[in-house]
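**Student:** I am sharing target.pdb, which consists of PDB, C-alpha atoms:
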ATOM      1  CA  MET A   1      10.856  70.014  28.106
ATOM      2  CA  ILE A   2      14.264  71.548  27.385
ATOM      3  CA  PHE A   3      12.578  74.278  25.347
ATOM      4  CA  VAL A   4      10.124  74.976  28.182
ATOM      5  CA  ILE A   5      12.883  75.170  30.806
ATOM      6  CA  THR A   6      14.968  77.554  28.706
ATOM      7  CA  ILE A   7      12.018  79.761  27.753
ATOM      8  CA  ILE A   8      10.746  80.269  31.332
ATOM      9  CA  PRO A   9      13.479  82.785  32.328
ATOM     10  CA  SER A  10      12.772  84.667  29.087
ATOM     11  CA  LEU A  11       9.045  84.804  29.819
ATOM     12  CA  LEU A  12       9.591  85.885  33.415
ATOM     13  CA  GLN A  13      11.946  88.698  32.441
ATOM     14  CA  TYR A  14       9.708  89.781  29.545
ATOM     15  CA  ILE A  15       6.697  89.951  31.889
ATOM     16  CA  SER A  16       8.777  91.788  34.497
ATOM     17  CA  VAL A  17       9.872  94.419  31.957
ATOM     18  CA  TYR A  18       6.626  95.045  30.077
ATOM     19  CA  PHE A  19       3.934  94.195  32.629
ATOM     20  CA  LEU A  20       5.601  95.056  35.948
ATOM     21  CA  GLY A  21       7.776  97.919  34.678
ATOM     22  CA  ILE A  22      11.009  96.577  36.170
ATOM     23  CA  ASP A  23      14.076  98.179  34.599
ATOM     24  CA  PHE A  24      16.658  95.509  33.697
ATOM     25  CA  PRO A  25      20.019  96.295  32.075
ATOM     26  CA  SER A  26      19.936  96.056  28.293
ATOM     27  CA  VAL A  27      22.123  96.849  25.290
ATOM     28  CA  LYS A  28      21.525  97.552  21.614
ATOM     29  CA  ILE A  29      22.906  94.941  19.224
ATOM     30  CA  ASP A  30      23.121  94.610  15.468
ATOM     31  CA  SER A  31      21.316  91.486  14.283
ATOM     32  CA  SER A  32      23.281  91.078  11.054
ATOM     33  CA  PRO A  33      26.253  89.046  12.408
ATOM     34  CA  TRP A  34      24.010  86.162  13.496
ATOM     35  CA  ASN A  35      20.959  86.801  11.338
ATOM     36  CA  PRO A  36      22.157  88.329   8.058
ATOM     37  CA  HIS A  37      18.595  88.395   6.712
ATOM     38  CA  GLU A  38      17.512  90.916   9.335
ATOM     39  CA  GLY A  39      18.548  94.539   9.089
ATOM     40  CA  SER A  40      17.077  95.599  12.399
ATOM     41  CA  THR A  41      18.656  96.688  15.638
ATOM     42  CA  TYR A  42      17.717  94.591  18.649
ATOM     43  CA  ILE A  43      17.521  95.287  22.359
ATOM     44  CA  GLN A  44      19.214  92.486  24.281
ATOM     45  CA  TYR A  45      18.330  91.664  27.883
ATOM     46  CA  ALA A  46      19.828  88.845  29.931
ATOM     47  CA  PHE A  47      17.204  86.295  28.844
ATOM     48  CA  PHE A  48      15.420  87.696  25.804
ATOM     49  CA  ILE A  49      15.770  90.064  22.887
ATOM     50  CA  ARG A  50      13.360  92.270  21.012
ATOM     51  CA  GLU A  51      13.444  94.385  17.909
ATOM     52  CA  LEU A  52      14.010  98.090  18.438
ATOM     53  CA  ARG A  53      10.672  99.366  17.257
ATOM     54  CA  SER A  54       8.617 102.274  18.560
ATOM     55  CA  GLY A  55       4.857 102.517  18.714
ATOM     56  CA  ASP A  56       4.021  98.912  19.665
ATOM     57  CA  PHE A  57       1.767  98.656  22.707
ATOM     58  CA  LEU A  58       3.611  95.437  23.545
ATOM     59  CA  PRO A  59       6.772  94.159  21.819
ATOM     60  CA  ARG A  60       6.614  90.703  20.292
ATOM     61  CA  PHE A  61       8.180  87.972  22.382
ATOM     62  CA  TYR A  62      11.346  86.629  20.731
ATOM     63  CA  GLY A  63      12.689  84.676  23.687
ATOM     64  CA  LEU A  64      16.276  83.719  22.960
ATOM     65  CA  TYR A  65      15.609  83.402  19.230
ATOM     66  CA  ASP A  66      16.197  85.724  16.321
ATOM     67  CA  GLU A  67      12.528  85.972  15.331
ATOM     68  CA  PRO A  68       9.265  85.703  17.268
ATOM     69  CA  GLY A  69       7.972  83.297  14.632
ATOM     70  CA  VAL A  70      10.581  80.754  15.744
ATOM     71  CA  SER A  71       9.270  80.780  19.310
ATOM     72  CA  GLY A  72       5.695  80.567  18.039
ATOM     73  CA  THR A  73       6.494  77.681  15.701
ATOM     74  CA  ILE A  74       8.246  75.597  18.366
ATOM     75  CA  ALA A  75       5.442  76.282  20.854
ATOM     76  CA  MET A  76       2.841  75.207  18.296
ATOM     77  CA  VAL A  77       4.566  71.898  17.542
ATOM     78  CA  PHE A  78       4.765  70.842  21.174
ATOM     79  CA  LEU A  79       1.237  72.046  21.923
ATOM     80  CA  TYR A  80       0.026  69.874  19.053
ATOM     81  CA  CYS A  81       1.953  66.959  20.533
ATOM     82  CA  ASN A  82       0.373  67.630  23.943
ATOM     83  CA  LYS A  83      -3.041  68.363  22.433
ATOM     84  CA  TYR A  84      -3.295  71.780  24.064
ATOM     85  CA  ASN A  85      -3.820  70.194  27.457
ATOM     86  CA  LEU A  86      -3.611  73.385  29.533
ATOM     87  CA  LYS A  87      -4.027  71.409  32.764
ATOM     88  CA  LYS A  88      -0.275  70.786  32.476
ATOM     89  CA  TRP A  89       1.936  73.672  33.591
ATOM     90  CA  TYR A  90       4.407  73.261  30.734
ATOM     91  CA  ASN A  91       1.639  73.610  28.166
ATOM     92  CA  ILE A  92       0.617  76.887  29.783
ATOM     93  CA  VAL A  93       4.213  78.068  29.305
ATOM     94  CA  LEU A  94       4.077  77.019  25.654
ATOM     95  CA  PHE A  95       0.716  78.717  25.164
ATOM     96  CA  LEU A  96       1.941  81.992  26.684
ATOM     97  CA  THR A  97       5.036  81.815  24.475
ATOM     98  CA  GLY A  98       2.897  81.536  21.370
ATOM     99  CA  LEU A  99       0.437  84.227  22.428
ATOM    100  CA  LEU A 100       3.119  86.771  23.321
ATOM    101  CA  SER A 101       5.034  86.109  20.099
ATOM    102  CA  PHE A 102       2.053  87.695  18.284
ATOM    103  CA  SER A 103       2.693  85.164  15.562
ATOM    104  CA  LEU A 104      -0.203  85.047  13.121
ATOM    105  CA  PHE A 105       0.925  81.514  12.329
ATOM    106  CA  PHE A 106       0.540  80.453  15.974
ATOM    107  CA  TYR A 107      -2.961  81.912  16.201
ATOM    108  CA  VAL A 108      -4.077  80.299  12.940
ATOM    109  CA  SER A 109      -2.573  76.929  13.934
ATOM    110  CA  THR A 110      -4.329  77.068  17.306
ATOM    111  CA  LEU A 111      -7.617  77.916  15.629
ATOM    112  CA  LEU A 112      -7.175  75.020  13.191
ATOM    113  CA  TYR A 113      -6.499  72.620  16.057
ATOM    114  CA  ILE A 114      -9.676  73.717  17.857
ATOM    115  CA  LEU A 115     -11.779  73.466  14.695
ATOM    116  CA  PHE A 116     -10.445  69.972  13.917
ATOM    117  CA  PHE A 117     -10.177  68.467  17.378
ATOM    118  CA  GLY A 118     -12.034  70.665  19.894
ATOM    119  CA  ASN A 119     -15.479  69.783  21.181
ATOM    120  CA  THR A 120     -18.515  71.766  20.094
ATOM    121  CA  LYS A 121     -18.541  73.955  23.210
ATOM    122  CA  ILE A 122     -14.885  74.933  22.786
ATOM    123  CA  LYS A 123     -15.412  75.657  19.082
ATOM    124  CA  LEU A 124     -18.339  77.981  19.778
ATOM    125  CA  ILE A 125     -16.482  79.795  22.569
ATOM    126  CA  THR A 126     -13.382  80.197  20.399
ATOM    127  CA  LEU A 127     -15.313  81.510  17.402
ATOM    128  CA  SER A 128     -17.168  83.978  19.648
ATOM    129  CA  ILE A 129     -13.884  85.207  21.120
ATOM    130  CA  CYS A 130     -12.335  85.557  17.650
ATOM    131  CA  MET A 131     -15.292  87.597  16.388
ATOM    132  CA  GLY A 132     -15.174  89.804  19.476
ATOM    133  CA  ILE A 133     -11.450  90.399  19.094
ATOM    134  CA  MET A 134     -11.820  91.220  15.409
ATOM    135  CA  VAL A 135     -14.505  93.813  16.125
ATOM    136  CA  PHE A 136     -12.590  95.300  19.057
ATOM    137  CA  ALA A 137      -9.109  95.219  17.537
ATOM    138  CA  TYR A 138      -9.804  96.119  13.920
ATOM    139  CA  GLU A 139      -9.027  99.780  14.534
ATOM    140  CA  ASN A 140      -5.891  99.017  16.539
ATOM    141  CA  GLU A 141      -2.874 100.068  14.465
ATOM    142  CA  VAL A 142      -0.492  97.408  15.784
ATOM    143  CA  ILE A 143      -2.918  94.487  15.480
ATOM    144  CA  SER A 144      -3.936  95.689  12.034
ATOM    145  CA  ARG A 145      -0.282  95.667  10.946
ATOM    146  CA  TYR A 146       0.446  92.206  12.353
ATOM    147  CA  VAL A 147      -2.843  90.516  11.458
ATOM    148  CA  PHE A 148      -5.402  92.257   9.263
ATOM    149  CA  ASP A 149      -2.961  93.937   6.861
ATOM    150  CA  ARG A 150      -1.310  90.567   6.239
ATOM    151  CA  LEU A 151      -4.659  89.117   5.164
ATOM    152  CA  THR A 152      -5.386  91.881   2.655
ATOM    153  CA  VAL A 153      -6.389  90.810  -0.870
ATOM    154  CA  THR A 154      -6.463  93.415  -3.639
ATOM    155  CA  ASP A 155      -7.604  92.675  -7.214
ATOM    156  CA  GLY A 156      -7.379  88.961  -6.549
ATOM    157  CA  GLU A 157      -3.780  89.224  -5.285
ATOM    158  CA  TRP A 158      -2.698  88.590  -1.705
ATOM    159  CA  THR A 159      -1.063  91.972  -1.181
ATOM    160  CA  GLY A 160      -0.498  91.327   2.529
ATOM    161  CA  TYR A 161       1.793  88.389   1.780
ATOM    162  CA  ASN A 162       5.158  89.462   3.176
ATOM    163  CA  ARG A 163       7.173  86.328   2.519
ATOM    164  CA  GLU A 164       8.862  87.552  -0.633
ATOM    165  CA  ASN A 165      10.746  90.627  -1.761
ATOM    166  CA  TYR A 166      11.484  92.218  -5.091
ATOM    167  CA  GLU A 167      15.068  90.953  -5.218
ATOM    168  CA  PHE A 168      14.063  87.335  -4.623
ATOM    169  CA  ASP A 169      11.086  87.516  -6.970
ATOM    170  CA  PHE A 170      13.306  88.874  -9.754
ATOM    171  CA  TYR A 171      15.853  86.091  -9.159
ATOM    172  CA  TYR A 172      13.163  83.404  -9.036
ATOM    173  CA  LYS A 173      11.781  84.407 -12.429
ATOM    174  CA  GLN A 174      15.229  83.811 -13.950
ATOM    175  CA  LEU A 175      15.372  80.146 -12.902
ATOM    176  CA  ASP A 176      15.144  77.596 -15.686
ATOM    177  CA  THR A 177      13.241  74.295 -15.667
ATOM    178  CA  TYR A 178      16.259  72.265 -14.563
ATOM    179  CA  GLU A 179      16.828  74.513 -11.542
ATOM    180  CA  ILE A 180      13.166  74.346 -10.548
ATOM    181  CA  LEU A 181      13.307  70.534 -10.711
ATOM    182  CA  PHE A 182      16.685  69.956  -9.045
ATOM    183  CA  GLY A 183      17.473  73.228  -7.257
ATOM    184  CA  ILE A 184      20.223  75.742  -7.895
ATOM    185  CA  ASN A 185      23.926  75.038  -7.699
ATOM    186  CA  SER A 186      25.009  75.211  -4.046
ATOM    187  CA  SER A 187      27.760  77.706  -4.919
ATOM    188  CA  ARG A 188      25.265  80.247  -6.221
ATOM    189  CA  HIS A 189      23.850  82.958  -4.013
ATOM    190  CA  ILE A 190      20.114  83.422  -3.805
ATOM    191  CA  PRO A 191      18.310  86.279  -2.035
ATOM    192  CA  PHE A 192      16.591  85.144   1.128
ATOM    193  CA  ALA A 193      12.807  84.740   1.324
ATOM    194  CA  THR A 194      10.355  82.767   3.433
ATOM    195  CA  SER A 195       7.807  81.882   0.780
ATOM    196  CA  TYR A 196       7.148  78.443  -0.710
ATOM    197  CA  LYS A 197       9.249  79.517  -3.713
ATOM    198  CA  TYR A 198      12.437  79.515  -1.630
ATOM    199  CA  PRO A 199      12.705  75.695  -1.222
ATOM    200  CA  LEU A 200      11.697  75.320  -4.866
ATOM    201  CA  ALA A 201      14.701  77.415  -5.847
ATOM    202  CA  VAL A 202      17.169  75.972  -3.333
ATOM    203  CA  CYS A 203      16.115  72.302  -3.253
ATOM    204  CA  GLY A 204      13.979  71.782  -6.347
ATOM    205  CA  ILE A 205      10.661  70.007  -6.814
ATOM    206  CA  ILE A 206      12.223  66.530  -6.951
ATOM    207  CA  SER A 207      14.003  66.933  -3.607
ATOM    208  CA  ILE A 208      10.830  68.268  -1.993
ATOM    209  CA  CYS A 209       8.810  65.319  -3.313
ATOM    210  CA  LEU A 210      11.425  62.844  -2.089
ATOM    211  CA  PHE A 211      11.357  64.464   1.347
ATOM    212  CA  ALA A 212       7.537  64.371   1.459
ATOM    213  CA  VAL A 213       7.390  60.705   0.419
ATOM    214  CA  SER A 214      10.096  59.762   2.928
ATOM    215  CA  TYR A 215       8.254  61.574   5.703
ATOM    216  CA  LEU A 216       4.952  59.879   4.855
ATOM    217  CA  ILE A 217       6.523  56.412   4.747
ATOM    218  CA  PHE A 218       8.342  56.958   8.033
ATOM    219  CA  ALA A 219       5.261  58.447   9.743
ATOM    220  CA  LEU A 220       2.822  55.776   8.600
ATOM    221  CA  THR A 221       5.296  53.013   9.486
ATOM    222  CA  ARG A 222       5.863  54.318  13.007
ATOM    223  CA  LEU A 223       2.239  55.275  13.588
ATOM    224  CA  LYS A 224       0.414  52.363  11.985
ATOM    225  CA  PHE A 225      -1.125  51.288  15.313
ATOM    226  CA  VAL A 226      -1.722  54.808  16.581
ATOM    227  CA  HIS A 227      -5.142  56.481  16.667
ATOM    228  CA  TRP A 228      -6.018  58.198  13.406
ATOM    229  CA  LYS A 229      -6.274  61.596  15.111
ATOM    230  CA  ASN A 230      -2.629  61.390  16.117
ATOM    231  CA  ILE A 231      -1.686  60.459  12.571
ATOM    232  CA  LEU A 232      -3.630  63.467  11.286
ATOM    233  CA  LEU A 233      -1.771  65.701  13.762
ATOM    234  CA  CYS A 234       1.578  64.365  12.554
ATOM    235  CA  LEU A 235       0.597  65.106   8.966
ATOM    236  CA  MET A 236      -0.628  68.607   9.817
ATOM    237  CA  ILE A 237       2.530  69.585  11.721
ATOM    238  CA  PRO A 238       4.984  69.553   8.765
ATOM    239  CA  LEU A 239       2.469  71.353   6.550
ATOM    240  CA  LEU A 240       2.078  74.101   9.151
ATOM    241  CA  VAL A 241       5.778  74.323  10.014
ATOM    242  CA  PHE A 242       6.957  74.533   6.419
ATOM    243  CA  ALA A 243       4.184  76.981   5.573
ATOM    244  CA  GLN A 244       5.737  79.251   8.210
ATOM    245  CA  ARG A 245       9.383  78.235   7.784
ATOM    246  CA  PRO A 246       9.797  76.581   4.339
ATOM    247  CA  PHE A 247      13.345  75.368   4.956
ATOM    248  CA  ILE A 248      13.477  71.624   4.332
ATOM    249  CA  ASN A 249      17.233  72.063   3.913
ATOM    250  CA  ASN A 250      17.535  73.230   7.535
ATOM    251  CA  PRO A 251      18.315  70.413  10.034
ATOM    252  CA  PHE A 252      16.499  72.214  12.856
ATOM    253  CA  TYR A 253      13.146  72.290  11.064
ATOM    254  CA  ILE A 254      13.577  68.730   9.816
ATOM    255  CA  PHE A 255      14.171  67.706  13.442
ATOM    256  CA  LEU A 256      11.130  69.713  14.539
ATOM    257  CA  VAL A 257       8.729  67.889  12.202
ATOM    258  CA  PHE A 258      10.110  64.407  12.923
ATOM    259  CA  VAL A 259      10.028  64.714  16.722
ATOM    260  CA  PRO A 260       6.192  64.460  16.939
ATOM    261  CA  ILE A 261       6.303  61.074  15.208
ATOM    262  CA  TYR A 262       8.508  59.712  17.984
ATOM    263  CA  ILE A 263       6.389  61.355  20.656
ATOM    264  CA  PHE A 264       3.133  59.890  19.388
ATOM    265  CA  SER A 265       4.582  56.469  18.610
ATOM    266  CA  ILE A 266       5.969  56.184  22.155
ATOM    267  CA  ARG A 267       3.139  57.866  24.072
ATOM    268  CA  TYR A 268       0.250  56.247  22.216
ATOM    269  CA  SER A 269       1.051  52.593  21.640
ATOM    270  CA  VAL A 270      -1.097  49.707  20.445
ATOM    271  CA  SER A 271      -3.088  49.807  23.685
ATOM    272  CA  ALA A 272      -4.221  53.394  23.028
ATOM    273  CA  SER A 273      -7.930  53.456  22.257
ATOM    274  CA  THR A 274     -10.448  56.074  21.294
ATOM    275  CA  LYS A 275     -11.473  56.334  24.936
ATOM    276  CA  THR A 276      -7.984  57.025  26.224
ATOM    277  CA  TYR A 277      -7.460  59.561  23.444
ATOM    278  CA  ASP A 278     -10.564  61.441  24.392
ATOM    279  CA  GLN A 279      -9.572  61.388  28.059
ATOM    280  CA  ALA A 280      -6.162  62.786  27.180
ATOM    281  CA  ASP A 281      -7.844  65.713  25.478
TER
END
Could you take the file, read its structure, and then write that structure out as structure tokens?

**Tutor:**
Amino acid sequence: MIFVITIIPSLLQYISVYFLGIDFPSVKIDSSPWNPHEGSTYIQYAFFIRELRSGDFLPRFYGLYDEPGVSGTIAMVFLYCNKYNLKKWYNIVLFLTGLLSFSLFFYVSTLLYILFFGNTKIKLITLSICMGIMVFAYENEVISRYVFDRLTVTDGEWTGYNRENYEFDFYYKQLDTYEILFGINSSRHIPFATSYKYPLAVCGIISICLFAVSYLIFALTRLKFVHWKNILLCLMIPLLVFAQRPFINNPFYIFLVFVPIYIFSIRYSVSASTKTYDQAD
């Protein structure tokens, strides 16, 4: 709820600027002091920021965060917890946040939720909409850059994968077996990347396995009386979050994947049945 309350002013001002054409005061800022991995210049309004980029028919919604993917990831987690119940006003806020972030991750996660948990009617409607959008938007330069270009496969290689860079890839190839197993020395600098290789380099395979086992034990212990669909959701959330933000050494993302366990364990107790689950959907 705190996230929803803080994101509402951002959404309202974003809509006012780009849909209603209201001119609010803004300034250009350099992102590097607070996000050293970004080299872009941002436009800062009172309640949201955006990257200074020309040619986009609609700028991606960052909210108060340094990347639109952060807003999309947080929105996805809480929508999963609330099972995309758009009859609740706060879920509508979360859904708009994800949509306007133009986060491919948010769209894919939403599609996965519908395919796994939606009824047949919703699945058919969603697939029809997706096919219509693909046909209509394929020639759109912006959508192609954000979506279709990132799904490009050439000669068996995912060329649209933008989670790595040459500097990181070169560094990663220099790691020895010990560093892959246990992670690099904390005093060493490693180029930033958002691919699955980054936690392998920073934390090591053993640390990742220990984290995964600990999460499973904690989740299954807390959720042992909860409906299996809720357990499946709790197992999907960390996979989706760390696929988008593979930072198991970051307290924020660790917090983000553990929160749903508490939500489901409290909201759906022993008395929760298949009937009540279906009604909640």

**Student:** If you count all atoms listed in the file, which residues fall within 10 Å of region 239-249 of chain A, apart from same-chain ones fewer than 6 positions away, as a count of residues only?

**Tutor:** 31

**Student:** May I ask for the distance between CA of Leu94 (chain A) and CA of Tyr65 (chain A), given in Å to one decimal place?

**Tutor:** 14.7 Å

**Student:** Given the PyMOL selection byres ((chain A and resi 78) around 10) and the file above, list the residues it selects as a PDB file with C-alpha atoms, in the coordinates of the input.

**Tutor:**
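Saved result, expr_4.pdb, follows:
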ATOM      1  CA  MET A   1      10.856  70.014  28.106  1.00  0.00           C
ATOM      2  CA  PHE A   3      12.578  74.278  25.347  1.00  0.00           C
ATOM      3  CA  VAL A   4      10.124  74.976  28.182  1.00  0.00           C
ATOM      4  CA  THR A  73       6.494  77.681  15.701  1.00  0.00           C
ATOM      5  CA  ILE A  74       8.246  75.597  18.366  1.00  0.00           C
ATOM      6  CA  ALA A  75       5.442  76.282  20.854  1.00  0.00           C
ATOM      7  CA  MET A  76       2.841  75.207  18.296  1.00  0.00           C
ATOM      8  CA  VAL A  77       4.566  71.898  17.542  1.00  0.00           C
ATOM      9  CA  LEU A  79       1.237  72.046  21.923  1.00  0.00           C
ATOM     10  CA  TYR A  80       0.026  69.874  19.053  1.00  0.00           C
ATOM     11  CA  CYS A  81       1.953  66.959  20.533  1.00  0.00           C
ATOM     12  CA  ASN A  82       0.373  67.630  23.943  1.00  0.00           C
ATOM     13  CA  LYS A  83      -3.041  68.363  22.433  1.00  0.00           C
ATOM     14  CA  TYR A  84      -3.295  71.780  24.064  1.00  0.00           C
ATOM     15  CA  TYR A  90       4.407  73.261  30.734  1.00  0.00           C
ATOM     16  CA  ASN A  91       1.639  73.610  28.166  1.00  0.00           C
ATOM     17  CA  LEU A  94       4.077  77.019  25.654  1.00  0.00           C
ATOM     18  CA  PHE A  95       0.716  78.717  25.164  1.00  0.00           C
ATOM     19  CA  ILE A 237       2.530  69.585  11.721  1.00  0.00           C
ATOM     20  CA  LEU A 256      11.130  69.713  14.539  1.00  0.00           C
ATOM     21  CA  VAL A 259      10.028  64.714  16.722  1.00  0.00           C
ATOM     22  CA  PRO A 260       6.192  64.460  16.939  1.00  0.00           C
ATOM     23  CA  ILE A 263       6.389  61.355  20.656  1.00  0.00           C
TER      24      ILE A 263
END

**Student:** Please, what distance in Å, to one decimal, runs between CA of Lys121 (chain A) and CA of Lys87 (chain A)?

**Tutor:**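 Computed distance, CA of Lys121 (chain A) to CA of Lys87 (chain A), equals 17.6 Å.
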
**Student:** What is the CA of Ser214 (chain A) to CA of Asp169 (chain A) distance in Å?

**Tutor:** 29.5 Å

**Student:** Using all atoms listed in the file, give me every residue within 10 Å of (17.7, 88.0, 20.9) in file coordinates, as a ChimeraX atom specification.

**Tutor:** /A:29,31,34,42-51,61-68
